[in-house]
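Asker: Below: one structure in structure tokens.
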Amino acid sequence: MAGIKALISLSFGGAIGLMFLMLGCALPVYDKYWPLFLLFFYILSPIPYCISRRVVDDTDSASNACKELAFFLTTGIVISAFGLPIVFARAEVIAWGACALVLTGNIVIFGTILGFFLVFGSNDDFSWQQW
């Protein structure tokens, strides 16, 4: 039953993060939808780690180049997702208030993605790979 509670908590976190992103776009004060490009970063961020988990077996306790590359690519995607709204705000494409809402949404969404991999990433009896 702990898996169901974790899944509900993670979905609630994702909904809150997307709410902050939508507020940064759709409030009448801001009214610019450029921050929606961050949805691509949310989709792309777990892909390198998922690919490296499929390719690499965890029998070797030493560091693995494939996993290190996956962590590097994921870090680059996450840093880019935090940098894009700041670049938009500096270029005066979006307002600084919208940038703050989008960055808050980024923190919540990436925290939710991290929580997903921490909760369902282990190879125990309840795993996301069953689905």
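If you're wondering about the labels, chains in the structure tokens are A, B, ... by order shown, residues count from 1 in each chain, ligands from 1 in order shown.
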Using only C-alpha atoms, which residues of stretch 10-32 of chain A come within 12 Å of stretch 40-54 of chain A, and what is the closest atom pair for each, with the distance in Å to one decimal? Give it as JSON lines, sorted by chain and residue number.

Answerer:
{"residue": "A:Gly14", "atom": "CA", "partner": "A:Tyr42", "partner_atom": "CA", "distance": 10.5}
{"residue": "A:Gly17", "atom": "CA", "partner": "A:Tyr42", "partner_atom": "CA", "distance": 10.8}
{"residue": "A:Leu18", "atom": "CA", "partner": "A:Tyr42", "partner_atom": "CA", "distance": 10.3}
{"residue": "A:Leu21", "atom": "CA", "partner": "A:Tyr42", "partner_atom": "CA", "distance": 11.5}

Asker: For the residues in that selection, give me C-alpha atoms as a PDB file, in the first residue's frame.

Answerer:
ATOM      1  CA  GLY A  14       3.354  16.884 -10.763  1.00  0.00           C
ATOM      2  CA  GLY A  17       4.320  21.909 -10.664  1.00  0.00           C
ATOM      3  CA  LEU A  18       2.305  22.112 -13.874  1.00  0.00           C
ATOM      4  CA  LEU A  21       3.964  26.605 -15.057  1.00  0.00           C
TER       5      LEU A  21
END

Asker: In Å, rounded to a single decimal, give me how far atom CA of A:Val55 is from atom CA of A:Glu68.

Answerer: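 For atom CA of A:Glu68 relative to atom CA of A:Val55, the distance reads 12.7 Å.
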
Asker: Measure the distance from atom CA of A:Phe20 to atom CA of A:Gly76 in Å and round it to one decimal.

Answerer: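 Atom CA of A:Gly76 lies at a distance of 22.3 Å from atom CA of A:Phe20.
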
Asker: If you run DSSP over the backbone, which residues in chain A end up alpha helix (DSSP H)? Put them as a VMD selection string.

Answerer: chain A and resid 2 to 26 38 to 44 47 to 55 65 to 90 96 to 120

Asker: Pick out the closest residue to A:Val93 from this set: A:Ile77, A:Ile16, A:Cys25, A:Ala70. Count only C-alpha atoms.

Answerer: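 Using only C-alpha atoms, A:Val93 sits closest to A:Cys25.
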
Asker: In Å, rounded to a single decimal, give me how far atom CA of A:Val108 is from atom CA of A:Gly83.

Answerer: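 Separation of atom CA of A:Gly83 and atom CA of A:Val108: 15.7 Å.
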
Asker: If you count only C-alpha atoms, which residues fall within 9 Å of A:Phe82, apart from same-chain ones fewer than 2 positions away, as a list in words?

Answerer: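 In the requested form, the answer reads Leu38, Ile77, Val78, Ile79, Ser80, Leu84, Pro85, Ile86, Val102, Leu103, Asn106 and Ile107 of chain A.
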
Asker: Hey, what's within 7 Å of A:Leu10 if we count only C-alpha atoms and toss same-chain stuff fewer than 3 positions away? As a short mmCIF file (atom, residue, chain, number, x, y, z; two decimals) with N, CA and C atoms, in the first residue's frame, please?

Answerer:
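Once everything was written out, this is out_31.cif:
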data_model
loop_
_atom_site.label_atom_id
_atom_site.label_comp_id
_atom_site.auth_asym_id
_atom_site.auth_seq_id
_atom_site.Cartn_x
_atom_site.Cartn_y
_atom_site.Cartn_z
N ALA A 6 2.69 6.62 -2.48
CA ALA A 6 3.79 7.32 -3.17
C ALA A 6 3.35 7.77 -4.55
N LEU A 7 2.62 6.93 -5.25
CA LEU A 7 2.16 7.28 -6.59
C LEU A 7 1.18 8.46 -6.54
N GLY A 13 2.27 16.14 -6.76
CA GLY A 13 3.41 17.03 -6.98
C GLY A 13 3.54 17.46 -8.42
N GLY A 14 3.31 16.53 -9.35
CA GLY A 14 3.35 16.88 -10.76
C GLY A 14 2.26 17.87 -11.14
N THR A 112 9.65 16.05 -8.30
CA THR A 112 8.73 14.94 -8.51
C THR A 112 9.37 13.85 -9.36
N PHE A 116 10.16 10.11 -8.14
CA PHE A 116 9.70 8.93 -8.86
C PHE A 116 10.81 7.90 -8.99
#

Asker: Given the choices A:Ala98, A:Ile113, A:Leu118, A:Ala15, which gets closest to A:Pro35 if the distance is worked out from only C-alpha atoms?

Answerer: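 That would be A:Ala98, the residue with the smallest distance to A:Pro35.
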